[in-house]
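Novice: Have a look at this one before I ask anything.
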Amino acid sequence: MVSFVLTYHNEPIQTLCDCIDSILRLSLRSSEREIIVVDDGSDRSPINDLMKYADDIIYIRQKNSGLSEARNKGIEMAQGEYVQFVDADDHLIQRPYEHCLDLIRLHANIDMVMFDFTSSACPETIFSDSDVMTGSAYMLQHNIHGSACGYLFRRNALSALRFTTGIWHEDEEFTPQLLIRAEQVCATDAKAYYYNKHEGTITTSGDERSRAKRLSDLRGVLDRLNSLCDRLPQADRMALQRRVAQLTMDYIYQVIIQFRTQDELETRIDELRSKGLFPLPDRNYTQKYTWFRRLSNSRMGRTILLNTLPRLKKER
């Protein structure tokens with residue numbers, strides 16, 4: 001039923017074992033699950049420590065090529081009807097994830113279940129679910145999770161879609177394209193995925209080179225998604241345009257936080273304008289988006305953002 005693709009690179013062995021154990025505890029018979037561990041060129045292979053799982057996992061070791069390549073390898077190997085990505089230092093939470101499995105059992109033709117994340121040891125046990133709708137309809141009406149780990153999706157829905165290699169923010173490019181391919185989607189507030197927050201990850205790395213690459217890669221994602229919009233049917237195009245607008249807002253925010261200078265912000269704004277990514281569309285997506293759009297549309301408003309957003313971030 002489900003292929004679990006676990007990506008591993010130099011995490012502690014115990015966290016990898018905890019991750020595998022969280023899958024083995026689920027109410028899936030061995031014939032209903034497939035656990036694929038993709039070792040992305042770790043300094044030391046964990047294979048000897050995984051011998052107790054020899055009958056339960058498929059272990060693949062590749063040259064260190066990054067998260068995108070590791071996940072793409074897992075997709076190639078997967079045989080399950082559905083695919084679930086899990087990072088090796090995270091794990092699935094049994095009761096909420098069982099609810100996600102119940103949803104794909106209940107809805108025979110469902111292409112995707114979207115669920116929530118938590119870093120708490122005591123997630124809720126009562127869940128509410130959305131109506132089943134197309135992925136485009138959902139994305140047009142809601143903000144979505146960027147992380148690909150928040151989706152249990154039908155493998156056939158991928159078609160030729162794969163992660164772009166060599167970049168950060170690869171999930172931000174992948175997940176909206178996955179959603180517009182999904183004909184039947186159900187979203188649940190079940191906090192089924194335990195996200196292990198720690199220093200040194202891609203999202204928390206603070207050195208100047210990492211920040212610059214992260215910003216540059218996000219800009220590349222924006223350009224490619226924006227270009228894709230022009231080739232889509234209207235419903236898909238409108239849904240993806242909302243996501244592009246949200247990511248553009250995030251890009252502007254990151255420029256402010258990282259550089260904190262008017263000249264750099266105006267230069268980046270001009271670049272966005274030349275690509276048709278600015279001004280932000282006049283849509284009432286969310287209250288936060290509306291507030292940010294109005295301020296960012298004028299130089300005075302952008303000055304206010306420059307003077308307030310870094311302070312708000314520091315206070316948080």
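Naming scheme: A, B, ... for chains in displayed order of the structure tokens; residues 1 onward per chain; ligands 1 onward as shown.
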Using 8 Å as the limit and counting only C-alpha atoms, can you tabulate each residue of segment 106-186 of chain A that touches segment 61-69 of chain A, with its shortest atom-to-atom distance in Å and the two atoms involved, as CSV?

Specialist:
residue,atom,partner,partner_atom,distance
A:Phe163,CA,A:Ser68,CA,5.2
A:Thr164,CA,A:Ser68,CA,6.3
A:Thr165,CA,A:Ser68,CA,5.1
A:Gly166,CA,A:Gly66,CA,6.7
A:Ile167,CA,A:Ser68,CA,8.0
A:Glu170,CA,A:Ser68,CA,6.9

Novice: What lies within 6 Å of segment 234-242 of chain A using only C-alpha atoms, ignoring chain neighbours under 3 positions off, as a list in words?

Specialist: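 What passes the distance filter is Ser136, Met139, Leu140, Cys229 and Ala245 of chain A.
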
Novice: Can you tell me how far atom CA of Ser3 of chain A sits from atom CA of Ser120 of chain A, in Å to one decimal?

Specialist: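 Value for the atom CA of Ser3 of chain A-atom CA of Ser120 of chain A distance: 25.5 Å.
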
Novice: Near segment 270-279 of chain A, within 9 Å and counting only C-alpha atoms, which residues show up once chain neighbours fewer than 6 positions away are dropped, as an MDAnalysis selection string?

Specialist: chainID A and resid 219 222:223 226 244:245 248 293 296:297

Novice: Those same residues - N, CA, C and O atoms - I'd like them written as a PDB file, in the first residue's frame.

Specialist:
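The result, stored in selection-v2.pdb:
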ATOM      1  N   ARG A 219      14.765  32.168  -5.395  1.00  0.00           N
ATOM      2  CA  ARG A 219      14.476  33.008  -6.566  1.00  0.00           C
ATOM      3  C   ARG A 219      14.346  32.148  -7.822  1.00  0.00           C
ATOM      4  O   ARG A 219      13.470  32.367  -8.659  1.00  0.00           O
ATOM      5  N   LEU A 222      10.982  30.516  -7.820  1.00  0.00           N
ATOM      6  CA  LEU A 222       9.951  31.481  -8.213  1.00  0.00           C
ATOM      7  C   LEU A 222       9.880  31.632  -9.729  1.00  0.00           C
ATOM      8  O   LEU A 222       8.786  31.618 -10.314  1.00  0.00           O
ATOM      9  N   ASP A 223      11.023  31.782 -10.365  1.00  0.00           N
ATOM     10  CA  ASP A 223      11.053  31.971 -11.815  1.00  0.00           C
ATOM     11  C   ASP A 223      10.467  30.760 -12.539  1.00  0.00           C
ATOM     12  O   ASP A 223       9.687  30.913 -13.492  1.00  0.00           O
ATOM     13  N   ASN A 226       6.652  30.455 -11.858  1.00  0.00           N
ATOM     14  CA  ASN A 226       5.941  31.526 -12.558  1.00  0.00           C
ATOM     15  C   ASN A 226       5.860  31.243 -14.051  1.00  0.00           C
ATOM     16  O   ASN A 226       4.826  31.491 -14.691  1.00  0.00           O
ATOM     17  N   VAL A 244       2.793  31.099  -5.922  1.00  0.00           N
ATOM     18  CA  VAL A 244       3.917  31.929  -6.349  1.00  0.00           C
ATOM     19  C   VAL A 244       3.904  33.262  -5.613  1.00  0.00           C
ATOM     20  O   VAL A 244       4.947  33.765  -5.179  1.00  0.00           O
ATOM     21  N   ALA A 245       2.721  33.845  -5.444  1.00  0.00           N
ATOM     22  CA  ALA A 245       2.616  35.111  -4.722  1.00  0.00           C
ATOM     23  C   ALA A 245       3.065  34.959  -3.274  1.00  0.00           C
ATOM     24  O   ALA A 245       3.770  35.828  -2.731  1.00  0.00           O
ATOM     25  N   THR A 248       6.812  34.617  -3.258  1.00  0.00           N
ATOM     26  CA  THR A 248       7.426  35.913  -3.551  1.00  0.00           C
ATOM     27  C   THR A 248       7.425  36.792  -2.310  1.00  0.00           C
ATOM     28  O   THR A 248       8.420  37.478  -2.015  1.00  0.00           O
ATOM     29  N   ARG A 293       1.307  43.011   1.127  1.00  0.00           N
ATOM     30  CA  ARG A 293       1.206  43.506  -0.246  1.00  0.00           C
ATOM     31  C   ARG A 293       1.050  45.024  -0.267  1.00  0.00           C
ATOM     32  O   ARG A 293       1.711  45.718  -1.049  1.00  0.00           O
ATOM     33  N   SER A 296       4.373  46.725   0.756  1.00  0.00           N
ATOM     34  CA  SER A 296       5.493  46.519  -0.167  1.00  0.00           C
ATOM     35  C   SER A 296       5.301  47.247  -1.497  1.00  0.00           C
ATOM     36  O   SER A 296       6.252  47.405  -2.257  1.00  0.00           O
ATOM     37  N   ASN A 297       4.076  47.728  -1.783  1.00  0.00           N
ATOM     38  CA  ASN A 297       3.808  48.354  -3.074  1.00  0.00           C
ATOM     39  C   ASN A 297       4.393  49.758  -3.203  1.00  0.00           C
ATOM     40  O   ASN A 297       4.473  50.292  -4.307  1.00  0.00           O
TER      41      ASN A 297
END

Novice: Quick one: contact table of segment 7-55 of chain A to segment 94-102 of chain A, 9 Å max, nearest atom pair and distance in Å to one decimal per residue, counting only C-alpha atoms, chain and number order, as a tab-separated table?

Specialist:
residue	atom	partner	partner_atom	distance
A:Ser22	CA	A:Gln94	CA	6.9
A:Ile23	CA	A:Gln94	CA	8.0
A:Arg25	CA	A:Gln94	CA	7.0
A:Leu26	CA	A:Gln94	CA	6.2
A:Ser27	CA	A:Glu98	CA	7.2

Novice: Please return as an NGL selection string: the residues of segment 34-279 of chain A that backbone DSSP assigns to strand (DSSP E).

Specialist: :A and (34-40 or 57-62 or 82-87 or 91-92 or 112-118 or 151-154 or 185-194)

Novice: Taking the backbone alone, and naming residues the way the document does, which bits of segment 107-247 of chain A are helix (DSSP H, G or I) by DSSP, as an NGL selection string?

Specialist: :A and (135-141 or 148-150 or 155-158 or 170-181 or 208-229 or 234-247)

Novice: Neighbouring residues of segment 302-315 of chain A were defined as those with any atom within 9 Å, considering only C-alpha atoms; residues of the same chain fewer than 2 positions away were excluded. Please report them as a list in words.

Specialist: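 Once the nearby chain positions are removed, what remains is Tyr253, Ile256, Ile257, Gln258, Arg260, Thr261, Gln262, Leu265, Glu266, Phe292, Leu295, Ser296, Asn297, Ser298, Arg299 and Met300 of chain A.
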
Novice: For those residues, write N, CA, C and O atoms to a file as a JSON list (two decimals), in the first residue's frame.

Specialist:
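Writing done, so here's selection_0.json:
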[["chain", "number", "residue", "atom", "x", "y", "z"],
["A", 253, "TYR", "N", 10.58, 39.09, 2.17],
["A", 253, "TYR", "CA", 10.83, 39.07, 3.62],
["A", 253, "TYR", "C", 12.27, 38.64, 3.92],
["A", 253, "TYR", "O", 12.95, 39.26, 4.73],
["A", 256, "ILE", "N", 14.79, 41.33, 3.18],
["A", 256, "ILE", "CA", 14.79, 42.35, 4.24],
["A", 256, "ILE", "C", 15.58, 41.85, 5.45],
["A", 256, "ILE", "O", 16.42, 42.57, 6.00],
["A", 257, "ILE", "N", 15.31, 40.63, 5.88],
["A", 257, "ILE", "CA", 15.95, 40.10, 7.07],
["A", 257, "ILE", "C", 17.45, 39.89, 6.86],
["A", 257, "ILE", "O", 18.27, 40.15, 7.75],
["A", 258, "GLN", "N", 17.82, 39.47, 5.65],
["A", 258, "GLN", "CA", 19.22, 39.14, 5.41],
["A", 258, "GLN", "C", 20.07, 40.38, 5.15],
["A", 258, "GLN", "O", 21.20, 40.49, 5.66],
["A", 260, "ARG", "N", 18.87, 44.02, 5.03],
["A", 260, "ARG", "CA", 18.47, 45.15, 5.86],
["A", 260, "ARG", "C", 18.92, 46.50, 5.29],
["A", 260, "ARG", "O", 19.22, 47.43, 6.05],
["A", 261, "THR", "N", 18.99, 46.61, 3.98],
["A", 261, "THR", "CA", 19.34, 47.88, 3.35],
["A", 261, "THR", "C", 18.31, 48.21, 2.28],
["A", 261, "THR", "O", 17.83, 47.32, 1.56],
["A", 262, "GLN", "N", 17.99, 49.50, 2.15],
["A", 262, "GLN", "CA", 17.01, 49.95, 1.16],
["A", 262, "GLN", "C", 17.51, 49.68, -0.26],
["A", 262, "GLN", "O", 16.74, 49.24, -1.12],
["A", 265, "LEU", "N", 17.14, 46.01, -1.20],
["A", 265, "LEU", "CA", 15.73, 45.67, -1.35],
["A", 265, "LEU", "C", 15.18, 46.21, -2.66],
["A", 265, "LEU", "O", 14.48, 45.50, -3.40],
["A", 266, "GLU", "N", 15.51, 47.47, -2.99],
["A", 266, "GLU", "CA", 14.99, 48.06, -4.23],
["A", 266, "GLU", "C", 15.55, 47.35, -5.46],
["A", 266, "GLU", "O", 14.85, 47.17, -6.46],
["A", 292, "PHE", "N", 1.00, 42.77, 3.91],
["A", 292, "PHE", "CA", 2.35, 42.82, 3.34],
["A", 292, "PHE", "C", 2.30, 43.41, 1.94],
["A", 292, "PHE", "O", 3.17, 44.21, 1.56],
["A", 295, "LEU", "N", 1.90, 47.29, 1.98],
["A", 295, "LEU", "CA", 3.11, 47.99, 2.40],
["A", 295, "LEU", "C", 4.22, 47.89, 1.35],
["A", 295, "LEU", "O", 4.93, 48.86, 1.08],
["A", 296, "SER", "N", 4.37, 46.73, 0.76],
["A", 296, "SER", "CA", 5.49, 46.52, -0.17],
["A", 296, "SER", "C", 5.30, 47.25, -1.50],
["A", 296, "SER", "O", 6.25, 47.41, -2.26],
["A", 297, "ASN", "N", 4.08, 47.73, -1.78],
["A", 297, "ASN", "CA", 3.81, 48.35, -3.07],
["A", 297, "ASN", "C", 4.39, 49.76, -3.20],
["A", 297, "ASN", "O", 4.47, 50.29, -4.31],
["A", 298, "SER", "N", 4.78, 50.38, -2.10],
["A", 298, "SER", "CA", 5.37, 51.72, -2.17],
["A", 298, "SER", "C", 6.74, 51.73, -1.50],
["A", 298, "SER", "O", 7.01, 50.92, -0.61],
["A", 299, "ARG", "N", 7.56, 52.68, -1.92],
["A", 299, "ARG", "CA", 8.89, 52.78, -1.31],
["A", 299, "ARG", "C", 8.79, 53.12, 0.17],
["A", 299, "ARG", "O", 9.55, 52.59, 0.99],
["A", 300, "MET", "N", 7.84, 53.98, 0.52],
["A", 300, "MET", "CA", 7.66, 54.31, 1.93],
["A", 300, "MET", "C", 7.25, 53.08, 2.73],
["A", 300, "MET", "O", 7.74, 52.85, 3.84]]

Novice: Fewer than 5 positions away in the same chain doesn't count, so skip those; otherwise give me all residues within 12 Å of Glu76 of chain A, counting only C-alpha atoms, as a list in words.

Specialist: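 Near neighbours after the sequence-gap exclusion: Ser3, Val5, Ile36, Val38, Ile60, Glu69, Ala70, Arg71, Val83, Arg155, Asn156, Leu158, Ser159, Ala160, Leu161, Arg162 and Phe163 of chain A.
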
Novice: Compare A:Gln84, A:Asn284, A:Ser147, A:Asn196 by their minimum atom-to-atom distance to Thr175 of chain A, counting only C-alpha atoms, and give me the closest one.

Specialist: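 Looking only at the distances to Thr175 of chain A, the closest residue turns out to be A:Ser147.
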
Novice: Write out as a PDB file with N, CA and C atoms, in the first residue's frame each polymer residue whose atoms come within 9 Å of Leu178 of chain A, counting only C-alpha atoms; drop sequence neighbours fewer than 4 positions from it.

Specialist:
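Written out: result.pdb:
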ATOM      1  N   GLY A 135      -6.631  19.066  -5.957  1.00  0.00           N
ATOM      2  CA  GLY A 135      -5.496  19.741  -5.363  1.00  0.00           C
ATOM      3  C   GLY A 135      -5.455  21.214  -5.717  1.00  0.00           C
ATOM      4  N   PHE A 153       0.838  10.523  -0.793  1.00  0.00           N
ATOM      5  CA  PHE A 153       0.281  10.725  -2.136  1.00  0.00           C
ATOM      6  C   PHE A 153       0.410   9.479  -3.004  1.00  0.00           C
ATOM      7  N   ALA A 157       0.346   9.654  -9.376  1.00  0.00           N
ATOM      8  CA  ALA A 157       0.064  11.077  -9.576  1.00  0.00           C
ATOM      9  C   ALA A 157       1.321  11.855  -9.947  1.00  0.00           C
ATOM     10  N   LEU A 158       2.475  11.306  -9.629  1.00  0.00           N
ATOM     11  CA  LEU A 158       3.734  11.997  -9.938  1.00  0.00           C
ATOM     12  C   LEU A 158       3.950  12.174 -11.428  1.00  0.00           C
ATOM     13  N   LEU A 161       7.106  14.011 -12.642  1.00  0.00           N
ATOM     14  CA  LEU A 161       7.572  15.007 -11.680  1.00  0.00           C
ATOM     15  C   LEU A 161       8.655  14.433 -10.775  1.00  0.00           C
ATOM     16  N   PHE A 174       8.469  21.433  -5.657  1.00  0.00           N
ATOM     17  CA  PHE A 174       7.851  20.122  -5.881  1.00  0.00           C
ATOM     18  C   PHE A 174       6.391  20.072  -5.444  1.00  0.00           C
ATOM     19  N   ALA A 182      -3.096  16.250  -8.482  1.00  0.00           N
ATOM     20  CA  ALA A 182      -3.960  15.409  -7.647  1.00  0.00           C
ATOM     21  C   ALA A 182      -5.423  15.758  -7.895  1.00  0.00           C
TER      22      ALA A 182
END

Novice: Mind pulling up the distance from atom CA of Leu225 of chain A to atom CA of Ser210 of chain A?

Specialist: 22.4 Å

Novice: What is the distance, in Å and to one decimal place, between atom CA of Arg294 of chain A and atom CA of Leu247 of chain A?

Specialist: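 About the pair atom CA of Arg294 of chain A and atom CA of Leu247 of chain A: they are 16.2 Å apart.
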
Novice: Excluding same-chain residues fewer than 6 positions from Phe127 of chain A, what lies within 7 Å of it counting only C-alpha atoms, as a PDB file with C-alpha atoms, in the first residue's frame?

Specialist:
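Produced file result-v9.pdb, reproduced below:
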ATOM      1  CA  THR A 188      -6.626  16.648   7.936  1.00  0.00           C
ATOM      2  CA  ASP A 189      -5.426  18.538  10.993  1.00  0.00           C
ATOM      3  CA  ALA A 190      -3.906  15.322  12.384  1.00  0.00           C
TER       4      ALA A 190
END

Novice: Would you mind telling me which residue in A:His107, A:Arg154, A:Arg209, A:His145 lies nearest to Cys186 of chain A when using only C-alpha atoms?

Specialist: A:His107
